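Student: File name input_23.txt; file contents compact mmCIF, C-alpha atoms and all ligand atoms; full text below.
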# COMPACT_ATOMS: atom_id res chain seq x y z
CA MET E 1302 140.87 136.25 90.35
CA THR E 1303 140.92 137.30 93.98
CA ALA E 1304 140.24 134.82 96.74
CA LEU E 1305 137.03 136.72 97.53
CA GLY E 1306 135.85 136.46 93.91
CA LEU E 1307 136.51 132.73 93.83
CA GLU E 1308 134.65 132.20 97.11
CA ARG E 1309 131.66 134.15 95.79
CA ARG E 1310 131.60 131.99 92.66
CA ILE E 1311 131.75 128.79 94.65
CA ILE E 1312 128.87 129.97 96.84
CA ILE E 1313 126.76 130.94 93.80
CA VAL E 1314 127.41 127.66 91.97
CA SER E 1315 126.75 125.46 95.02
CA THR E 1316 123.57 127.40 95.88
CA ALA E 1317 122.33 126.97 92.32
CA PHE E 1318 123.19 123.26 92.50
CA ALA E 1319 121.32 122.78 95.80
CA LEU E 1320 118.28 124.68 94.49
CA THR E 1321 118.24 122.56 91.31
CA LEU E 1322 118.35 119.34 93.34
CA PHE E 1323 115.56 120.59 95.59
CA GLY E 1324 113.51 121.61 92.55
CA LEU E 1325 113.98 118.21 90.90
CA ALA E 1326 112.91 116.44 94.10
CA ALA E 1327 109.79 118.63 94.33
CA LEU E 1328 109.06 117.97 90.67
CA ALA E 1329 109.43 114.22 91.12
CA ILE E 1330 107.07 114.23 94.10
CA ASN E 1331 104.41 116.24 92.27
CA LEU E 1332 104.68 114.85 88.76
CA PHE E 1333 105.38 111.20 89.43
CA HIS E 1334 103.85 110.85 92.90
CA VAL E 1335 107.10 109.52 94.23
CA GLY E 1336 106.13 108.80 97.82
CA LEU E 1337 108.69 110.13 100.21
CA PRO E 1338 107.92 109.22 103.80
CA THR E 1339 107.39 112.58 105.44
CA CYS E 1340 108.11 113.46 109.01
CA LEU E 1341 105.44 113.18 111.64
CA THR E 1342 102.18 114.91 110.84
CA ASP E 1343 100.32 116.99 113.43
CA ILE E 1344 97.18 114.86 113.04
CA LYS E 1345 95.72 113.26 116.18
CA PRO E 1346 95.86 109.43 116.24
CA PHE E 1347 92.73 107.79 114.84
CA GLN E 1348 90.29 105.73 116.87
CA LYS E 1349 89.03 103.76 113.91
CA GLY E 1350 90.18 102.85 110.43
CA GLU E 1351 88.64 104.49 107.41
CA LEU E 1352 88.77 104.69 103.62
CA ILE E 1353 87.87 108.15 102.36
CA THR E 1354 87.11 108.82 98.70
CA HIS E 1355 88.29 112.24 97.52
CA SER E 1356 87.75 111.54 93.83
CA PRO E 1357 87.51 108.42 91.63
CA THR E 1358 91.33 108.39 91.49
CA HIS E 1359 92.26 109.87 94.87
CA TYR E 1360 91.72 108.06 98.16
CA GLU E 1361 92.80 108.44 101.74
CA VAL E 1362 93.22 105.52 104.14
CA HIS E 1363 93.47 105.81 107.91
CA TYR E 1364 95.08 102.65 109.22
CA VAL E 1365 94.68 101.92 112.90
CA SER E 1366 97.08 99.24 114.14
CA ARG E 1367 96.54 97.38 117.36
CA MET E 1368 97.45 94.03 118.85
CA TRP E 1369 97.00 92.22 116.50
CA GLU E 1370 95.18 93.57 113.54
CA PHE E 1371 94.91 96.45 111.13
CA ASP E 1372 91.71 98.39 110.65
CA PRO E 1373 90.60 98.46 107.86
CA ASP E 1374 91.77 94.95 107.00
CA GLU E 1375 90.58 95.15 103.39
CA VAL E 1376 90.89 98.15 101.10
CA VAL E 1377 89.96 98.12 97.42
CA VAL E 1378 90.93 100.93 95.04
CA PRO E 1379 90.83 101.16 91.25
CA VAL E 1380 94.04 100.99 89.23
CA GLY E 1381 95.69 104.37 88.67
CA SER E 1382 94.68 105.66 92.09
CA VAL E 1383 96.72 107.92 94.31
CA VAL E 1384 96.26 106.88 97.92
CA ASP E 1385 97.26 109.01 100.90
CA ILE E 1386 98.02 106.59 103.69
CA TYR E 1387 98.02 107.62 107.35
CA VAL E 1388 99.02 105.15 110.04
CA SER E 1389 98.50 105.22 113.77
CA THR E 1390 98.40 102.79 116.68
CA ARG E 1391 96.08 102.31 119.61
CA ASP E 1392 98.60 100.46 121.74
CA VAL E 1393 102.26 99.64 121.16
CA THR E 1394 104.59 100.47 118.28
CA HIS E 1395 103.86 98.55 115.08
CA GLY E 1396 105.60 98.66 111.72
CA LEU E 1397 103.67 98.76 108.48
CA ILE E 1398 105.05 97.48 105.21
CA LEU E 1399 102.91 97.22 102.10
CA LEU E 1400 104.43 94.52 99.92
CA GLY E 1401 105.14 95.54 96.34
CA THR E 1402 105.24 99.27 97.17
CA ASN E 1403 107.68 101.59 98.91
CA LEU E 1404 105.39 102.03 101.91
CA ASN E 1405 107.30 101.32 105.11
CA LEU E 1406 106.12 103.29 108.13
CA MET E 1407 106.20 102.98 111.88
CA ALA E 1408 102.97 103.35 113.81
CA VAL E 1409 104.18 105.05 116.96
CA PRO E 1410 101.91 105.78 119.94
CA GLY E 1411 100.69 109.37 120.01
CA VAL E 1412 101.53 110.31 116.44
CA VAL E 1413 100.35 109.74 112.88
CA ASN E 1414 102.72 108.94 110.03
CA TYR E 1415 101.95 109.53 106.40
CA THR E 1416 102.98 108.60 102.90
CA ARG E 1417 101.44 108.63 99.45
CA VAL E 1418 101.38 105.65 97.09
CA LYS E 1419 100.26 105.56 93.48
CA PHE E 1420 98.99 102.20 92.22
CA ASP E 1421 99.65 101.76 88.51
CA LYS E 1422 98.98 98.04 88.23
CA PRO E 1423 96.17 95.79 89.41
CA GLY E 1424 97.15 93.30 92.08
CA LEU E 1425 96.98 92.27 95.69
CA HIS E 1426 99.27 94.00 98.18
CA GLN E 1427 99.64 92.57 101.66
CA LEU E 1428 100.06 94.93 104.56
CA LEU E 1429 102.22 93.31 107.23
CA CYS E 1430 103.54 94.30 110.63
CA HIS E 1431 107.34 94.15 110.75
CA GLU E 1432 107.89 95.40 114.28
CA TYR E 1433 107.66 92.66 116.88
CA CYS E 1434 104.61 93.59 118.95
CA GLY E 1435 103.76 90.51 120.96
CA THR E 1436 102.61 86.93 120.61
CA GLY E 1437 100.16 87.68 117.78
CA HIS E 1438 102.63 89.77 115.78
CA ASP E 1439 102.81 87.31 112.88
CA ARG E 1440 99.03 87.42 112.50
CA MET E 1441 98.98 91.16 111.78
CA ALA E 1442 98.08 91.36 108.11
CA ALA E 1443 95.63 93.16 105.89
CA ASN E 1444 94.95 93.36 102.16
CA LEU E 1445 95.02 96.27 99.79
CA ARG E 1446 93.57 95.26 96.47
CA VAL E 1447 94.09 97.23 93.27
CA VAL E 1448 91.45 96.25 90.71
CA ASP E 1449 90.60 97.36 87.20
CA LEU E 1450 87.86 99.93 86.81
CA PRO E 1451 84.99 97.60 85.76
CA THR E 1452 85.67 95.33 88.77
CA PHE E 1453 85.81 98.35 91.05
CA GLN E 1454 82.53 99.74 89.76
CA ALA E 1455 80.85 96.35 90.07
CA LYS E 1456 82.07 96.15 93.67
CA GLN E 1457 80.75 99.62 94.44
CA SER E 1458 77.27 98.82 93.20
CA ALA E 1459 77.08 95.32 94.71
CA PRO E 1460 76.09 94.98 98.34
CA THR E 1461 79.34 93.49 99.70
CA GLN E 1462 78.06 93.14 103.25
CA ILE E 1463 75.31 90.62 102.47
CA HIS E 1464 77.21 87.79 104.12
CA ALA E 1465 78.41 89.75 107.10
CA THR E 1466 75.58 88.67 109.35
CA ASP E 1467 76.03 85.02 108.53
CA ALA E 1468 77.58 83.02 111.38
CA THR E 1469 79.65 80.89 109.01
CA TYR E 1470 80.94 83.99 107.23
CA LYS E 1471 82.07 85.28 110.62
CA LEU E 1472 83.74 81.93 111.30
CA LEU E 1473 85.64 82.14 107.99
CA GLU E 1474 86.70 85.64 108.97
CA ALA E 1475 87.76 84.58 112.45
CA LYS E 1476 89.84 81.69 111.07
CA ASP E 1477 91.59 84.09 108.66
CA CYS E 1478 90.27 82.15 105.61
CA LEU E 1479 89.18 85.37 103.93
CA THR E 1480 92.67 86.84 104.10
CA CYS E 1481 93.58 84.58 101.16
CA HIS E 1482 90.23 83.48 99.67
CA SER E 1483 87.73 86.02 98.37
CA ILE E 1484 84.02 85.26 98.21
CA ASP E 1485 83.30 87.76 95.44
CA GLY E 1486 85.44 86.25 92.69
CA SER E 1487 88.39 88.61 93.09
CA GLU E 1488 91.86 87.13 92.95
CA GLY E 1489 93.83 86.35 96.06
CA ILE E 1490 96.60 84.23 97.47
CA GLY E 1491 94.24 81.25 97.33
CA PRO E 1492 91.44 80.44 94.85
CA THR E 1493 88.24 82.44 95.24
CA LEU E 1494 85.44 80.68 97.09
CA LYS E 1495 82.82 82.17 94.80
CA GLY E 1496 81.25 79.39 92.75
CA ILE E 1497 83.75 76.88 94.12
CA TYR E 1498 81.16 74.11 94.55
CA GLY E 1499 81.09 71.93 91.46
CA ARG E 1500 83.84 73.94 89.78
CA GLN E 1501 86.14 72.02 87.43
CA THR E 1502 89.42 72.42 89.25
CA LYS E 1503 92.81 71.74 87.74
CA LEU E 1504 95.28 70.43 90.29
CA THR E 1505 99.05 70.79 90.51
CA ASN E 1506 99.32 67.01 89.97
CA GLY E 1507 97.88 67.48 86.47
CA SER E 1508 94.44 65.99 87.07
CA THR E 1509 91.14 67.85 86.95
CA ILE E 1510 88.31 67.23 89.36
CA ALA E 1511 84.88 68.67 90.09
CA ALA E 1512 84.91 70.33 93.49
CA ASP E 1513 82.34 68.19 95.32
CA ASP E 1514 81.78 68.17 99.07
CA VAL E 1515 84.34 65.40 99.59
CA TYR E 1516 86.99 67.51 97.89
CA LEU E 1517 85.95 70.67 99.73
CA ARG E 1518 86.14 68.90 103.08
CA GLU E 1519 89.53 67.40 102.29
CA SER E 1520 90.86 70.77 101.17
CA ILE E 1521 89.82 72.31 104.48
CA VAL E 1522 91.04 69.51 106.74
CA ASN E 1523 94.18 68.68 104.77
CA PRO E 1524 94.97 71.65 102.51
CA SER E 1525 98.11 70.14 101.00
CA ALA E 1526 96.38 66.99 99.73
CA LYS E 1527 95.15 68.53 96.47
CA VAL E 1528 96.44 71.94 95.50
CA THR E 1529 94.78 73.99 92.76
CA GLU E 1530 97.01 74.70 89.80
CA GLY E 1531 98.42 78.23 89.80
CA PHE E 1532 98.53 78.44 93.59
CA ASP E 1533 101.21 77.58 96.10
CA ASP E 1534 100.78 75.03 98.86
CA LEU E 1535 100.64 77.70 101.55
CA MET E 1536 97.45 77.09 103.47
CA PRO E 1537 97.92 76.04 107.09
CA LYS E 1538 95.67 73.38 108.57
CA PRO E 1539 92.90 75.31 110.31
CA GLU E 1540 91.76 74.38 113.80
CA LEU E 1541 88.10 73.51 113.32
CA THR E 1542 85.60 71.31 115.06
CA GLU E 1543 83.66 68.72 113.06
CA GLU E 1544 80.54 70.94 113.20
CA GLU E 1545 82.49 73.98 112.02
CA THR E 1546 83.93 72.01 109.09
CA ASN E 1547 80.43 70.82 108.14
CA ALA E 1548 79.07 74.37 108.37
CA ILE E 1549 81.85 75.69 106.13
CA VAL E 1550 81.34 73.00 103.47
CA GLU E 1551 77.60 73.75 103.45
CA TYR E 1552 78.31 77.46 103.25
CA LEU E 1553 80.71 76.99 100.32
CA GLU E 1554 77.98 75.22 98.41
CA THR E 1555 75.86 78.36 98.64
CA LEU E 1556 78.52 80.71 97.25
CA LYS E 1557 77.32 80.80 93.66
CU1 LIG U 1 102.18 94.69 115.10
CU2 LIG U 1 104.03 93.28 114.94
Can the structure from this file be put into structure tokens for me?
Ligand code: CUA
Tutor:
Amino acid sequence: MTALGLERRIIIVSTAFALTLFGLAALAINLFHVGLPTCLTDIKPFQKGELITHSPTHYEVHYVSRMWEFDPDEVVVPVGSVVDIYVSTRDVTHGLILLGTNLNLMAVPGVVNYTRVKFDKPGLHQLLCHEYCGTGHDRMAANLRVVDLPTFQAKQSAPTQIHATDATYKLLEAKDCLTCHSIDGSEGIGPTLKGIYGRQTKLTNGSTIAADDVYLRESIVNPSAKVTEGFDDLMPKPELTEEETNAIVEYLETLK
């Protein structure tokens, strides 16, 4: 074989190899929704966060990051969904990581980054900022909840905003309580607040108690005193005035 013939063969074989690899990568992206972080998109940065429904199994989220929160801070999609996630920032550079997925994107001023995630299992994913962005950096967190279809449909038909005008609801939001405790019965890092009053509660020390107002108050003021079984002792002591604590206990009693 001449040197020219050999060179031609090598070129043909390596081209075929490169094309095969490229084809397999394209196949993986399309068939299995393997989310490869793409390069920058040419989309203009968003002014506000949004969840867009394309179909019952295809969603699009626009995350706006700013010191020190993500908008939207709560996204709920049904299990099996494909979610196109776009991230942008209104101020400095933030980093977005969605725990339990391969989403890891920078939110860089002036541009929008994108990736696609498919959610095959129900669960709670926390969105955290992993790029130091100032004194409130560690507070930057949001939830993405993947729920089964019946739960999702129930959520869609129920008016979820009924509590939003309530001053105590706003207080719970402001004190970050709702990051870990839901009020609609969905699972979270802490026990749901729905129906908490009077609930028979099993504790990590083995005993069971009815959640009366004494217990509720203690669990707010001194969260580590009695921890519900199945949950970790993670709750920080909130900074609340006596009136605020009273208002929250009263409010919890109404969450049937
Ligand atoms: Cu945003 Cu750290």
Student: Let me see if you get this right: every residue at most 7 Å from ligand LIG 1 (chain U), counting only C-alpha atoms and all ligand atoms, written as a compact mmCIF listing (two decimals) with C-alpha atoms, keeping the file's coordinate frame.
Tutor:
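For reference, pocket13.txt as written:
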# COMPACT_ATOMS: atom_id res chain seq x y z
CA SER E 1366 97.08 99.24 114.14
CA ARG E 1367 96.54 97.38 117.36
CA MET E 1368 97.45 94.03 118.85
CA TRP E 1369 97.00 92.22 116.50
CA HIS E 1395 103.86 98.55 115.08
CA GLY E 1396 105.60 98.66 111.72
CA CYS E 1430 103.54 94.30 110.63
CA HIS E 1431 107.34 94.15 110.75
CA GLU E 1432 107.89 95.40 114.28
CA TYR E 1433 107.66 92.66 116.88
CA CYS E 1434 104.61 93.59 118.95
CA GLY E 1435 103.76 90.51 120.96
CA HIS E 1438 102.63 89.77 115.78
CA ASP E 1439 102.81 87.31 112.88
CA MET E 1441 98.98 91.16 111.78
Student: For Pro1537 (chain E), list every protein, DNA or RNA residue within 10 Å, evaluated using all atoms listed in the file, and leave out those in the same chain fewer than 6 positions away; present the list as a list in words.
Tutor: Cys1478, Ile1521, Val1522, Asn1523, Pro1524 and Ser1525 of chain E
Student: Can you tell me how far CA of Asp1534 (chain E) sits from CA of Thr1452 (chain E), in Å to one decimal?
Tutor: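 Computed distance, CA of Asp1534 (chain E) to CA of Thr1452 (chain E), equals 27.2 Å.
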Student: Could you pull the residues within 8 Å of Leu1428 (chain E), counting only C-alpha atoms, minus those fewer than 6 positions along the same chain, as a list in words?
Tutor: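 Result of the neighbour search: Leu1397, Ile1398, Leu1399, Leu1400, Ala1442, Ala1443, Asn1444 and Leu1445 of chain E.
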Student: Closest to Leu1494 (chain E) among E:Thr1555, E:Asn1414, E:Ser1315, E:Thr1542, using only C-alpha atoms?
Tutor: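 Under the stated criterion, the closest residue is E:Thr1555.
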Student: Could you work out how far CA of Pro1357 (chain E) lies from CA of Thr1480 (chain E), giving the answer in Å with one decimal?
Tutor: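 CA of Pro1357 (chain E) lies 25.5 Å from CA of Thr1480 (chain E).
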Student: Name all residues at most 9 Å from Asp1485 (chain E) (count all atoms listed in the file; drop same-chain ones fewer than 5 positions away) and give them as a list in words.
Tutor: Lys1456, Thr1461, Thr1493, Leu1494, Lys1495 and Leu1556 of chain E
Student: Hey, can you check how far CA of Tyr1498 (chain E) sits from CA of Leu1553 (chain E)?
Tutor: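 Between CA of Tyr1498 (chain E) and CA of Leu1553 (chain E) the gap is 6.5 Å.
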Student: In terms of the shortest atom-to-atom distance over all atoms listed in the file, which of E:Ala1512, E:Leu1320, E:Ile1386, E:Ala1326 is closest to Glu1351 (chain E)?
Tutor: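 Ranking E:Ala1512, E:Leu1320, E:Ile1386, E:Ala1326 by distance to Glu1351 (chain E), first place goes to E:Ile1386.
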Student: Between E:Gly1531, E:Val1384, E:Ala1329, E:Leu1322, which one has atoms that come closest to Leu1352 (chain E), using all atoms listed in the file?
Tutor: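 Smallest separation from Leu1352 (chain E) among the options: E:Val1384.
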Student: Restricting the calculation to only C-alpha atoms, which member of E:Ser1389, E:Thr1402, E:Thr1509, E:Ser1487 is positioned closest to Asp1372 (chain E)?
Tutor: E:Ser1389
Student: Which residue out of E:Cys1481, E:Ala1475, E:Ile1353, E:Leu1429 has the minimum interatomic distance to Leu1406 (chain E) when all atoms listed in the file are used?
Tutor: E:Leu1429
Student: Excluding Ser1356 (chain E) and any residue of its chain fewer than 4 positions from it, enumerate the residues within 10 Å of it, using only C-alpha atoms, and give them as a list in words.
Tutor: Tyr1360, Glu1361, Ser1382 and Val1383 of chain E
Student: For Pro1492 (chain E), which residue among E:Ala1408, E:Met1536, E:Leu1328, E:Ile1312 is the nearest when counting all atoms listed in the file?
Tutor: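 The closest residue to Pro1492 (chain E) is E:Met1536.
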Student: Leaving out Gln1454 (chain E) and any residue of its chain fewer than 6 positions from it, which residues lie within 12 Å of it when counting all atoms listed in the file, given as a list in words?
Tutor: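 That gives Pro1357, Val1377, Val1378, Pro1379, Val1380, Val1448 and Pro1460 of chain E.
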